[in-house]
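Asker: Coordinates in upload11.txt, compact mmCIF, C-alpha atoms, are listed below.
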# COMPACT_ATOMS: atom_id res chain seq x y z
CA MET T 1 -15.88 -42.11 -10.32
CA LYS T 2 -19.29 -41.36 -8.83
CA ALA T 3 -17.91 -41.73 -5.33
CA VAL T 4 -15.27 -39.11 -6.06
CA ILE T 5 -17.80 -36.64 -7.40
CA CYS T 6 -20.08 -37.18 -4.44
CA LEU T 7 -17.17 -36.68 -2.05
CA LEU T 8 -16.11 -33.48 -3.79
CA ALA T 9 -19.66 -32.15 -3.82
CA ALA T 10 -19.99 -32.91 -0.12
CA VAL T 11 -16.76 -31.09 0.67
CA ILE T 12 -17.78 -28.04 -1.34
CA LEU T 13 -21.25 -27.92 0.16
CA ALA T 14 -19.88 -28.31 3.67
CA GLY T 15 -17.46 -25.49 2.95
CA CYS T 16 -20.26 -23.21 1.85
CA ASN T 17 -22.32 -23.79 4.96
CA LEU T 18 -19.40 -23.65 7.34
CA GLN T 19 -19.96 -20.08 8.32
CA GLU T 20 -23.08 -18.03 7.93
CA GLU T 21 -21.51 -14.67 7.46
CA ARG T 22 -22.93 -11.32 6.73
CA LYS T 23 -23.12 -10.48 3.11
CA ASP T 24 -20.39 -7.91 2.95
CA SER T 25 -17.49 -10.00 4.14
CA ARG T 26 -18.65 -12.98 2.13
CA LEU T 27 -18.46 -10.93 -1.02
CA ALA T 28 -15.54 -8.80 0.11
CA LEU T 29 -13.22 -10.33 -2.43
CA MET T 30 -15.64 -10.30 -5.32
CA LYS T 31 -16.80 -6.72 -5.43
CA THR T 32 -15.75 -3.32 -4.26
CA THR T 33 -16.78 -3.06 -0.63
CA ASN T 34 -15.24 0.26 0.41
CA PRO T 35 -15.43 -0.57 4.11
CA GLU T 36 -15.64 2.26 6.62
CA PRO T 37 -12.22 2.83 8.14
CA ILE T 38 -11.79 1.77 11.76
CA GLN T 39 -10.36 4.08 14.37
CA ILE T 40 -9.55 2.11 17.50
CA GLU T 41 -7.06 4.66 18.80
CA LYS T 42 -8.69 8.09 18.68
CA ASP T 43 -5.56 10.30 18.81
CA GLY T 44 -3.46 11.29 15.85
CA VAL T 45 -4.43 11.56 12.22
CA SER T 46 -7.91 10.62 11.12
CA VAL T 47 -8.36 7.38 9.23
CA GLU T 48 -10.65 9.08 6.74
CA LYS T 49 -7.79 11.23 5.62
CA ILE T 50 -5.50 8.24 5.18
CA ARG T 51 -8.12 6.39 3.21
CA GLY T 52 -8.56 9.37 0.93
CA GLU T 53 -4.82 9.42 0.44
CA VAL T 54 -4.68 5.72 -0.37
CA GLU T 55 -7.54 5.87 -2.83
CA GLU T 56 -5.79 8.63 -4.72
CA VAL T 57 -3.32 6.05 -6.03
CA LYS T 58 -4.69 5.16 -9.42
CA GLU T 59 -3.90 1.43 -9.30
CA ILE T 60 -5.92 0.97 -6.10
CA TYR T 61 -9.69 0.62 -6.07
CA ASP T 62 -10.69 -0.57 -2.63
CA ALA T 63 -9.11 0.29 0.69
CA ALA T 64 -9.62 -0.72 4.30
CA VAL T 65 -7.85 1.28 7.01
CA VAL T 66 -7.55 0.23 10.64
CA LYS T 67 -5.82 2.47 13.16
CA GLY T 68 -4.65 0.77 16.32
CA ASP T 69 -2.51 1.74 19.27
CA HIS T 70 0.83 1.61 17.54
CA ASN T 71 0.21 0.77 13.93
CA ILE T 72 -2.04 1.74 11.11
CA LEU T 73 -3.06 -1.14 8.89
CA VAL T 74 -3.77 -0.30 5.28
CA ALA T 75 -5.23 -3.10 3.17
CA TYR T 76 -6.16 -2.48 -0.43
CA LYS T 77 -6.96 -4.14 -3.71
CA VAL T 78 -4.98 -3.50 -6.85
CA ARG T 79 -6.58 -3.28 -10.29
CA HIS T 80 -6.00 -6.62 -11.88
CA LEU T 81 -3.82 -5.63 -14.79
CA ASP T 82 -1.58 -3.72 -12.39
CA ARG T 83 -0.99 -6.77 -10.23
CA PHE T 84 2.21 -7.42 -12.16
CA ARG T 85 3.69 -4.43 -10.38
CA MET T 86 2.15 -5.17 -7.00
CA LYS T 87 5.40 -5.20 -5.02
CA LYS T 88 6.35 -1.80 -6.38
CA ILE T 89 2.93 -0.33 -5.67
CA GLU T 90 3.18 -1.60 -2.10
CA LYS T 91 6.58 -0.02 -1.61
CA ASN T 92 5.54 3.28 -3.15
CA LEU T 93 2.45 3.49 -0.97
CA GLN T 94 4.45 2.68 2.16
CA ASP T 95 7.03 5.36 1.35
CA ARG T 96 4.37 7.89 0.54
CA LEU T 97 2.38 7.33 3.71
CA GLU T 98 5.44 7.32 5.90
CA LYS T 99 6.64 10.56 4.40
CA GLU T 100 3.27 12.19 4.83
CA TYR T 101 2.65 11.04 8.40
CA SER T 102 6.13 10.49 9.74
CA LYS T 103 4.93 9.90 13.32
CA GLU T 104 2.87 6.82 12.49
CA THR T 105 3.90 3.28 11.63
CA PHE T 106 2.17 1.82 8.63
CA ILE T 107 1.52 -1.79 7.75
CA VAL T 108 0.65 -1.88 4.08
CA SER T 109 -0.70 -4.96 2.36
CA SER T 110 -2.43 -5.91 -0.85
CA ASP T 111 -3.20 -9.41 0.37
CA TYR T 112 -6.83 -10.50 0.02
CA LYS T 113 -6.71 -12.21 3.38
CA ILE T 114 -5.69 -9.04 5.18
CA PHE T 115 -8.43 -7.12 3.42
CA LEU T 116 -10.99 -9.76 4.28
CA GLU T 117 -10.00 -9.77 7.94
CA ALA T 118 -10.21 -5.97 8.07
CA VAL T 119 -13.75 -6.12 6.67
CA ARG T 120 -14.71 -8.84 9.14
CA LEU T 121 -13.34 -6.73 12.01
CA ARG T 122 -15.35 -3.77 10.79
CA GLU T 123 -18.52 -5.87 10.77
CA ASP T 124 -17.91 -7.29 14.23
CA ILE T 125 -17.38 -3.81 15.60
CA ASP T 126 -20.59 -2.63 13.94
CA ALA T 127 -22.46 -5.58 15.39
CA GLY T 128 -21.10 -4.70 18.82
CA LYS T 129 -19.36 -8.04 19.18
CA VAL T 130 -15.93 -6.65 20.08
CA ASN T 131 -14.83 -3.75 22.23
CA ASP T 132 -11.81 -1.56 21.61
CA LYS T 133 -9.39 -3.77 23.48
CA GLU T 134 -10.39 -6.91 21.62
CA ALA T 135 -10.36 -5.03 18.37
CA ASP T 136 -6.78 -4.02 19.01
CA LYS T 137 -5.92 -7.63 19.71
CA ARG T 138 -7.54 -8.67 16.45
CA LEU T 139 -5.55 -6.02 14.64
CA HIS T 140 -2.33 -7.39 16.07
CA ARG T 141 -3.28 -10.84 14.89
CA ILE T 142 -3.88 -9.54 11.38
CA ILE T 143 -0.52 -7.79 11.37
CA LYS T 144 1.18 -10.97 12.51
CA LEU T 145 -0.50 -12.82 9.66
CA LYS T 146 0.89 -10.33 7.21
CA GLN T 147 4.43 -10.70 8.53
CA GLU T 148 4.53 -14.46 8.03
CA LEU T 149 6.77 -15.05 5.09
CA THR T 150 6.09 -18.27 3.31
CA MET L 151 13.23 -40.20 -43.83
CA ALA L 152 15.37 -38.60 -46.52
CA ASN L 153 16.53 -41.94 -47.86
CA LYS L 154 13.04 -43.26 -48.10
CA ASN L 155 11.87 -40.24 -50.02
CA GLU L 156 14.49 -40.65 -52.73
CA LYS L 157 13.14 -44.01 -53.80
CA LYS L 158 9.62 -42.77 -54.23
CA THR L 159 8.12 -41.17 -57.32
CA PRO L 160 7.48 -37.43 -57.24
CA THR L 161 3.75 -37.98 -56.85
CA GLN L 162 4.32 -40.25 -53.92
CA GLN L 163 6.63 -37.72 -52.37
CA GLN L 164 4.05 -35.07 -52.82
CA TYR L 165 1.47 -37.30 -51.24
CA ASP L 166 3.81 -38.00 -48.36
CA LYS L 167 4.34 -34.32 -47.78
CA LEU L 168 0.64 -33.66 -47.89
CA ASN L 169 0.00 -36.56 -45.58
CA GLN L 170 2.64 -35.46 -43.15
CA LYS L 171 1.36 -31.93 -43.12
CA HIS L 172 -2.15 -33.04 -42.30
CA GLU L 173 -1.17 -35.68 -39.84
CA LEU L 174 1.05 -33.39 -37.83
CA LYS L 175 -0.95 -30.24 -37.98
CA ARG L 176 -4.31 -31.45 -36.80
CA PRO L 177 -3.37 -33.18 -33.56
CA VAL L 178 -1.08 -30.35 -32.46
CA LEU L 179 -3.83 -27.78 -32.58
CA LYS L 180 -6.37 -30.11 -31.05
CA ASN L 181 -3.95 -31.24 -28.35
CA CYS L 182 -3.10 -27.66 -27.52
CA LEU L 183 -6.74 -26.72 -27.16
CA ARG L 184 -7.35 -29.71 -24.94
CA ALA L 185 -4.22 -28.98 -22.91
CA PHE L 186 -5.36 -25.39 -22.55
CA PHE L 187 -8.78 -26.32 -21.24
CA VAL L 188 -7.72 -29.16 -18.98
CA GLY L 189 -4.74 -27.21 -17.62
CA GLY L 190 -6.77 -24.07 -17.20
CA LEU L 191 -9.50 -25.97 -15.44
CA ILE L 192 -7.06 -27.58 -13.02
CA CYS L 193 -5.55 -24.18 -12.23
CA THR L 194 -9.01 -22.70 -11.72
CA ILE L 195 -9.81 -25.49 -9.27
CA GLY L 196 -6.52 -24.67 -7.57
CA GLN L 197 -7.54 -21.04 -7.36
CA ALA L 198 -10.84 -22.04 -5.78
CA ILE L 199 -8.99 -24.14 -3.21
CA THR L 200 -6.69 -21.19 -2.50
CA TYR L 201 -9.68 -18.96 -1.78
CA PHE L 202 -11.19 -21.71 0.33
CA PHE L 203 -8.09 -21.66 2.51
CA ILE L 204 -8.08 -17.86 2.65
CA TYR L 205 -11.73 -17.68 3.63
CA PHE L 206 -12.00 -20.41 6.21
CA PHE L 207 -8.47 -20.85 7.54
CA ASN L 208 -5.73 -18.52 8.64
CA PHE L 209 -3.85 -18.42 5.37
CA THR L 210 -2.89 -15.35 3.40
CA GLU L 211 -2.49 -15.21 -0.35
CA GLN L 212 1.23 -15.78 0.23
CA THR L 213 0.88 -18.77 2.52
CA ALA L 214 -2.15 -20.43 0.93
CA GLY L 215 0.01 -21.86 -1.85
CA ASN L 216 1.40 -24.72 0.24
CA PRO L 217 -1.88 -26.22 1.46
CA THR L 218 -3.30 -25.74 -2.03
CA VAL L 219 -0.52 -27.79 -3.56
CA ALA L 220 -0.97 -30.48 -0.90
CA THR L 221 -4.72 -30.59 -1.57
CA MET L 222 -4.17 -30.86 -5.31
CA VAL L 223 -1.81 -33.79 -4.76
CA PHE L 224 -4.38 -35.38 -2.47
CA LEU L 225 -7.06 -35.05 -5.15
CA ALA L 226 -4.57 -36.47 -7.65
CA MET L 227 -4.16 -39.49 -5.36
CA LEU L 228 -7.91 -40.13 -5.31
CA LEU L 229 -8.23 -39.69 -9.07
CA THR L 230 -5.18 -41.87 -9.71
CA GLY L 231 -6.42 -44.56 -7.37
CA PHE L 232 -9.80 -44.75 -9.05
CA GLY L 233 -8.13 -44.75 -12.47
CA VAL L 234 -9.66 -41.44 -13.53
CA TYR L 235 -6.40 -39.59 -13.95
CA ASP L 236 -5.26 -41.94 -16.71
CA HIS L 237 -8.25 -40.96 -18.80
CA LEU L 238 -7.66 -37.32 -17.99
CA GLY L 239 -4.04 -37.74 -19.07
CA GLN L 240 -5.06 -39.30 -22.37
CA TYR L 241 -7.48 -36.50 -23.07
CA GLY L 242 -5.60 -33.51 -21.73
CA GLY L 243 -2.00 -34.43 -22.53
CA ALA L 244 0.29 -31.78 -21.07
CA GLY L 245 -2.77 -30.08 -19.57
CA SER L 246 -2.92 -32.80 -16.95
CA ALA L 247 0.82 -33.46 -16.72
CA VAL L 248 2.16 -29.94 -16.20
CA PRO L 249 0.14 -28.94 -13.10
CA VAL L 250 1.37 -30.31 -9.76
CA SER L 251 -1.43 -32.86 -9.83
CA GLY L 252 0.44 -34.42 -12.76
CA PHE L 253 3.56 -34.57 -10.62
CA GLY L 254 1.51 -36.18 -7.88
CA ASN L 255 0.02 -38.59 -10.38
CA ALA L 256 3.49 -39.63 -11.59
CA VAL L 257 4.64 -40.37 -8.03
CA ILE L 258 1.46 -42.05 -6.88
CA SER L 259 0.85 -44.20 -9.94
CA ALA L 260 4.43 -45.46 -9.74
CA ALA L 261 3.93 -46.23 -6.06
CA ILE L 262 0.70 -48.13 -6.67
CA GLU L 263 2.02 -49.97 -9.68
CA HIS L 264 5.05 -51.41 -7.90
CA ARG L 265 3.23 -52.31 -4.74
CA THR L 266 3.34 -56.01 -5.56
CA GLU L 267 7.13 -55.93 -5.19
CA GLY L 268 6.76 -54.99 -1.55
CA PHE L 269 6.75 -51.72 0.28
CA VAL L 270 10.47 -51.19 0.64
CA LEU L 271 11.84 -52.31 -2.71
CA GLY L 272 8.68 -51.80 -4.74
CA VAL L 273 6.95 -48.69 -3.46
CA GLY L 274 9.96 -47.03 -1.88
CA GLY L 275 12.33 -47.77 -4.69
CA ASN L 276 10.10 -46.90 -7.60
CA MET L 277 8.09 -44.00 -6.27
CA PHE L 278 10.30 -41.35 -7.82
CA LYS L 279 11.11 -43.28 -10.96
CA LEU L 280 9.21 -40.82 -13.13
CA ALA L 281 9.24 -37.74 -10.96
CA GLY L 282 12.86 -38.08 -9.88
CA SER L 283 14.21 -36.26 -12.91
CA VAL L 284 11.92 -33.32 -12.23
CA ILE L 285 13.23 -33.07 -8.68
CA LEU L 286 16.84 -33.55 -9.74
CA PHE L 287 16.84 -30.92 -12.47
CA GLY L 288 14.67 -28.58 -10.46
CA VAL L 289 16.96 -28.71 -7.47
CA PHE L 290 20.13 -28.46 -9.50
CA ALA L 291 18.88 -25.57 -11.64
CA ALA L 292 17.62 -23.79 -8.54
CA PHE L 293 20.99 -24.33 -6.88
CA VAL L 294 22.87 -22.83 -9.81
CA VAL L 295 20.48 -19.90 -10.18
CA ALA L 296 20.47 -19.11 -6.46
CA LEU L 297 24.25 -19.47 -6.30
CA ILE L 298 24.82 -17.05 -9.16
CA LYS L 299 22.31 -14.61 -7.74
CA THR L 300 23.81 -14.74 -4.27
CA ILE L 301 27.30 -14.17 -5.63
CA LEU L 302 26.08 -11.26 -7.74
CA ILE L 303 24.30 -9.73 -4.76
CA GLN L 304 27.19 -10.17 -2.35
CA TRP L 305 30.11 -9.22 -4.55
CA GLY L 306 28.54 -7.46 -7.44
CA GLY L 307 26.37 -5.22 -5.33
CA LEU L 308 23.30 -6.03 -7.38
CA MET D 309 -11.58 -12.13 -7.49
CA LEU D 310 -13.50 -13.18 -10.59
CA ALA D 311 -10.75 -11.64 -12.68
CA MET D 312 -8.37 -13.82 -10.68
CA PHE D 313 -10.20 -17.00 -11.73
CA PHE D 314 -10.17 -15.85 -15.33
CA TRP D 315 -6.45 -15.15 -15.39
CA ALA D 316 -5.66 -18.31 -13.45
CA PHE D 317 -7.46 -20.23 -16.19
CA VAL D 318 -5.76 -18.38 -19.05
CA ILE D 319 -2.20 -18.33 -17.70
CA GLY D 320 -2.42 -21.88 -16.35
CA GLY D 321 -3.82 -23.03 -19.67
CA LEU D 322 -1.12 -21.23 -21.63
CA ILE D 323 1.66 -22.79 -19.57
CA CYS D 324 0.14 -26.19 -20.31
CA VAL D 325 -0.04 -25.33 -24.02
CA ILE D 326 3.67 -24.53 -23.96
CA GLY D 327 4.25 -27.94 -22.42
CA GLN D 328 2.05 -29.55 -25.09
CA LEU D 329 3.98 -27.77 -27.85
CA MET D 330 7.26 -28.98 -26.39
CA MET D 331 5.89 -32.51 -26.48
CA ASP D 332 4.23 -32.37 -29.91
CA VAL D 333 6.46 -30.03 -31.90
CA GLY D 334 9.70 -30.39 -29.96
CA LYS D 335 9.18 -34.18 -29.76
CA LEU D 336 10.24 -34.33 -26.13
CA THR D 337 9.09 -37.04 -23.76
CA PRO D 338 6.89 -35.92 -20.86
CA GLY D 339 9.85 -36.39 -18.51
CA HIS D 340 12.05 -34.09 -20.58
CA THR D 341 9.25 -31.56 -20.90
CA LEU D 342 8.58 -31.37 -17.18
CA SER D 343 12.28 -31.20 -16.32
CA THR D 344 12.75 -28.36 -18.82
CA MET D 345 9.78 -26.49 -17.41
CA VAL D 346 11.13 -26.74 -13.88
CA VAL D 347 14.49 -25.41 -15.03
CA VAL D 348 12.76 -22.57 -16.90
CA GLY D 349 10.78 -21.76 -13.76
CA ALA D 350 14.00 -21.59 -11.74
CA ILE D 351 15.64 -19.29 -14.29
CA LEU D 352 12.59 -16.98 -14.48
CA SER D 353 12.63 -16.83 -10.71
CA GLY D 354 16.30 -15.89 -10.80
CA PHE D 355 15.44 -12.86 -12.91
CA GLY D 356 12.60 -12.00 -10.56
CA LEU D 357 9.97 -12.56 -13.23
CA TYR D 358 7.99 -15.39 -11.67
CA GLU D 359 6.80 -13.54 -8.58
CA PRO D 360 4.86 -10.90 -10.57
CA LEU D 361 3.27 -13.70 -12.57
CA ILE D 362 2.03 -15.29 -9.33
CA ASP D 363 0.67 -11.93 -8.19
CA PHE D 364 -1.14 -11.66 -11.48
CA ALA D 365 -2.43 -15.17 -12.11
CA GLY D 366 -2.53 -16.75 -8.65
CA ALA D 367 -2.99 -20.49 -8.94
CA GLY D 368 -2.49 -20.20 -12.70
CA ALA D 369 1.18 -19.71 -11.89
CA THR D 370 1.54 -21.68 -8.65
CA ILE D 371 -0.11 -24.90 -9.81
CA PRO D 372 1.99 -25.65 -12.96
CA ILE D 373 5.24 -27.45 -12.27
CA THR D 374 7.25 -24.33 -13.21
CA SER D 375 6.42 -22.94 -9.78
CA PHE D 376 8.39 -25.82 -8.27
CA GLY D 377 11.58 -24.34 -9.71
CA ASN D 378 10.49 -20.90 -8.56
CA SER D 379 9.86 -21.89 -4.98
CA LEU D 380 13.14 -23.81 -4.80
CA VAL D 381 15.02 -20.66 -5.81
CA GLU D 382 12.85 -18.55 -3.53
CA GLY D 383 13.63 -20.74 -0.53
CA ALA D 384 17.34 -20.75 -1.34
CA MET D 385 17.40 -16.97 -1.74
CA GLN D 386 15.50 -16.36 1.48
CA GLU D 387 17.96 -18.48 3.39
CA SER D 388 20.99 -17.03 1.63
CA GLU D 389 19.97 -13.57 2.76
CA LYS D 390 20.36 -14.78 6.30
CA HIS D 391 23.29 -17.16 6.06
CA GLY D 392 25.14 -16.26 2.88
CA LEU D 393 26.35 -18.95 0.50
CA VAL D 394 25.62 -21.82 2.88
CA GLY D 395 21.99 -20.79 2.88
CA VAL D 396 21.74 -21.65 -0.80
CA LEU D 397 22.23 -25.28 0.13
CA THR D 398 20.17 -25.39 3.28
CA GLY D 399 17.23 -23.25 2.28
CA MET D 400 16.34 -25.02 -0.94
CA PHE D 401 13.37 -26.98 0.36
CA GLU D 402 12.21 -24.36 2.84
CA VAL D 403 9.30 -23.24 0.67
CA THR D 404 8.76 -26.24 -1.58
CA SER D 405 8.53 -28.95 1.01
CA SER D 406 4.72 -29.17 0.83
CA GLY D 407 4.50 -30.44 -2.74
CA ILE D 408 7.09 -33.15 -2.34
CA SER D 409 6.10 -34.22 1.16
CA ALA D 410 2.46 -34.36 0.09
CA ALA D 411 3.43 -36.46 -2.93
CA ILE D 412 5.44 -38.85 -0.74
CA ILE D 413 2.80 -39.20 1.96
CA PHE D 414 -0.18 -39.53 -0.35
CA GLY D 415 1.82 -41.77 -2.66
CA PHE D 416 2.47 -44.14 0.21
CA ILE D 417 -1.12 -44.02 1.45
CA GLY D 418 -2.33 -44.51 -2.12
CA ALA D 419 -0.10 -47.54 -2.56
CA ALA D 420 -1.41 -49.00 0.68
CA VAL D 421 -5.07 -48.39 -0.15
CA PHE D 422 -5.42 -48.88 -3.88
CA LYS D 423 -4.67 -52.02 -5.82
CA PRO D 424 -2.59 -51.85 -8.99
CA LYS D 425 -4.54 -52.17 -12.21
CA GLY D 426 -3.83 -54.61 -15.04
Once more with this new file: its structure as structure tokens, please.
Answerer:
Amino acid sequence: MKAVICLLAAVILAGCNLQEERKDSRLALMKTTNPEPIQIEKDGVSVEKIRGEVEEVKEIYDAAVVKGDHNILVAYKVRHLDRFRMKKIEKNLQDRLEKEYSKETFIVSSDYKIFLEAVRLREDIDAGKVNDKEADKRLHRIIKLKQELT
Amino acid sequence: MANKNEKKTPTQQQYDKLNQKHELKRPVLKNCLRAFFVGGLICTIGQAITYFFIYFFNFTEQTAGNPTVATMVFLAMLLTGFGVYDHLGQYGGAGSAVPVSGFGNAVISAAIEHRTEGFVLGVGGNMFKLAGSVILFGVFAAFVVALIKTILIQWGGL
Amino acid sequence: MLAMFFWAFVIGGLICVIGQLMMDVGKLTPGHTLSTMVVVGAILSGFGLYEPLIDFAGAGATIPITSFGNSLVEGAMQESEKHGLVGVLTGMFEVTSSGISAAIIFGFIGAAVFKPKG
């Protein structure tokens, strides 16, 4: 019994110390972070505008926008009691954005992981750890993550 | 029960009724509360594991379910092996049986129990003794449901 | 995220209470209860009701055994979209495999490591 508890405690502690991250991304899932949108590709519509558009949807309270070469990633959090209708919200948002900016391709996701990765990317860019090319690569990896099914 | 009651005096019957009412009512409420807390706790632990996988590994909310289930079964193995899960089962009732860890416990305890009969006939043969019905009915129900749904989608234009 | 923990606790707990009621009031054995819950999960999944519950309650819906029925149907449906009726048969364990394979592997390891009691 004691051995099990000790083992569990060790695992949890190890997990906590695994990565010393900056505060924002560590708490990204717990509170509203409102990360600055990222504009890797400078042409086309501004990410600020898209974020404004996304935040107009009343079920959404936190949005991260990343604009890359070909795609625009939109990650957001849904108010908890509206999570029952999450699939519908996702579809509506996708339709709305695609209608508004018909030239762009949108990747829309409510997944926490996608949001978290977008915040982490934002922080790494701020810290000067990644340049535009690497950032675009990171974006592609996030999009791939989103397209995995099961 | 009905036959027994007829032979008793009215007072005895009344007492029986009273007795029955009290005996049945109390454990149900208590058991439900316990099941609620134990089950809720197990699910909360599961949620924590899910977030652990999201934070430190490349899993999304969608894909984190599988490693979470595997981890829960692994924990169930440890708890079963050290004999903790039995106590948890006695206390929590359905609260410890309904989560996947209960499924894991059923498989693992059967495997450990029949180990003395050898690995092939004992462990292999008895592993799914308890959990087999869950798999059977789950698979068959899923087959029927998916079949009906597919037919409706393909020919009914659902 | 904190709301997620709260709802995981509540929904997970409630599903377990339903199981307890089936055992106590319905006088079913644990085996019958679990089998029924899996079937109910499969049926809810067929109506598309289980997925929103997972979105809402996270592990509160994926950890109880009802999600086993759901993921069986889910796997079958995913595969049937690609291959039609045959997919219903072949896709069944596509999503669920982790729970059962984990149970088999850890069950075997457990049997090898731990000694039976009593």
Asker: Please, which residues are within 7 Å of (-6.8, -0.7, 13.6) by the file's coordinates, counting all atoms listed in the file, and could they come as a PyMOL selection string?
Answerer: chain T and resi 38-40+65-68+72-73+136+139
Asker: Up to 12 Å from (14.2, -31.9, -18.6) in the file's coordinates: name the residues, counting only C-alpha atoms, as a PyMOL selection string.
Answerer: (chain L and resi 280-291) or (chain D and resi 327+330-331+336-349+373-374+377)
Asker: Looking at L:Phe293, L:Phe224, L:Phe269, L:Phe209, which one is nearest to Lys146 of chain T, with distances taken over all atoms listed in the file?
Answerer: L:Phe209
Asker: Work out how far apart atom CA of Lys137 of chain T and atom CA of Tyr76 of chain T are and give it in Å to one decimal.
Answerer: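 So the answer is 20.8 Å.
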Asker: Return the neighbours of chain T among the residues of chain D, cut-off 7 Å, counting only C-alpha atoms, as a VMD selection string.
Answerer: chain D and resid 309 to 311 360 to 361 363 to 364 403
Asker: Save segment 332-346 of chain D of the structure in the block above to a file, with N, CA, C and O atoms included, as a CSV table (one decimal), in the first residue's frame.
Answerer:
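Contents of out-v9.csv, as written:
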chain,number,residue,atom,x,y,z
D,332,ASP,N,-28.4,-2.5,-6.8
D,332,ASP,CA,-29.1,-2.6,-5.5
D,332,ASP,C,-30.6,-2.7,-5.7
D,332,ASP,O,-31.3,-3.5,-5.1
D,333,VAL,N,-31.1,-1.8,-6.6
D,333,VAL,CA,-32.6,-1.8,-6.8
D,333,VAL,C,-33.0,-2.8,-7.8
D,333,VAL,O,-34.0,-3.5,-7.6
D,334,GLY,N,-32.2,-2.9,-8.9
D,334,GLY,CA,-32.6,-3.8,-10.0
D,334,GLY,C,-32.2,-5.2,-9.7
D,334,GLY,O,-32.5,-6.2,-10.4
D,335,LYS,N,-31.4,-5.4,-8.6
D,335,LYS,CA,-30.9,-6.7,-8.2
D,335,LYS,C,-30.2,-7.5,-9.3
D,335,LYS,O,-30.4,-8.7,-9.5
D,336,LEU,N,-29.4,-6.8,-10.0
D,336,LEU,CA,-28.6,-7.4,-11.1
D,336,LEU,C,-27.2,-7.7,-10.5
D,336,LEU,O,-26.7,-7.1,-9.6
D,337,THR,N,-26.6,-8.8,-11.0
D,337,THR,CA,-25.2,-9.1,-10.6
D,337,THR,C,-24.3,-8.1,-11.3
D,337,THR,O,-24.7,-7.4,-12.3
D,338,PRO,N,-23.1,-7.9,-10.7
D,338,PRO,CA,-22.1,-6.9,-11.4
D,338,PRO,C,-21.9,-7.2,-12.9
D,338,PRO,O,-21.9,-6.3,-13.7
D,339,GLY,N,-21.8,-8.5,-13.2
D,339,GLY,CA,-21.7,-8.9,-14.6
D,339,GLY,C,-22.8,-8.4,-15.5
D,339,GLY,O,-22.6,-7.8,-16.6
D,340,HIS,N,-24.0,-8.6,-15.0
D,340,HIS,CA,-25.2,-8.1,-15.8
D,340,HIS,C,-25.2,-6.6,-15.9
D,340,HIS,O,-25.5,-6.1,-16.9
D,341,THR,N,-24.8,-6.0,-14.8
D,341,THR,CA,-24.8,-4.5,-14.8
D,341,THR,C,-23.9,-4.0,-15.8
D,341,THR,O,-24.2,-3.1,-16.6
D,342,LEU,N,-22.6,-4.5,-15.8
D,342,LEU,CA,-21.6,-4.0,-16.7
D,342,LEU,C,-22.0,-4.2,-18.1
D,342,LEU,O,-21.8,-3.4,-19.0
D,343,SER,N,-22.5,-5.5,-18.4
D,343,SER,CA,-22.9,-5.8,-19.8
D,343,SER,C,-24.0,-4.8,-20.2
D,343,SER,O,-23.9,-4.3,-21.3
D,344,THR,N,-25.0,-4.6,-19.3
D,344,THR,CA,-26.1,-3.7,-19.7
D,344,THR,C,-25.5,-2.3,-20.0
D,344,THR,O,-25.9,-1.6,-21.0
D,345,MET,N,-24.6,-1.8,-19.2
D,345,MET,CA,-24.0,-0.5,-19.4
D,345,MET,C,-23.3,-0.4,-20.7
D,345,MET,O,-23.4,0.7,-21.4
D,346,VAL,N,-22.6,-1.4,-21.1
D,346,VAL,CA,-21.8,-1.4,-22.3
D,346,VAL,C,-22.8,-1.3,-23.5
D,346,VAL,O,-22.7,-0.5,-24.4
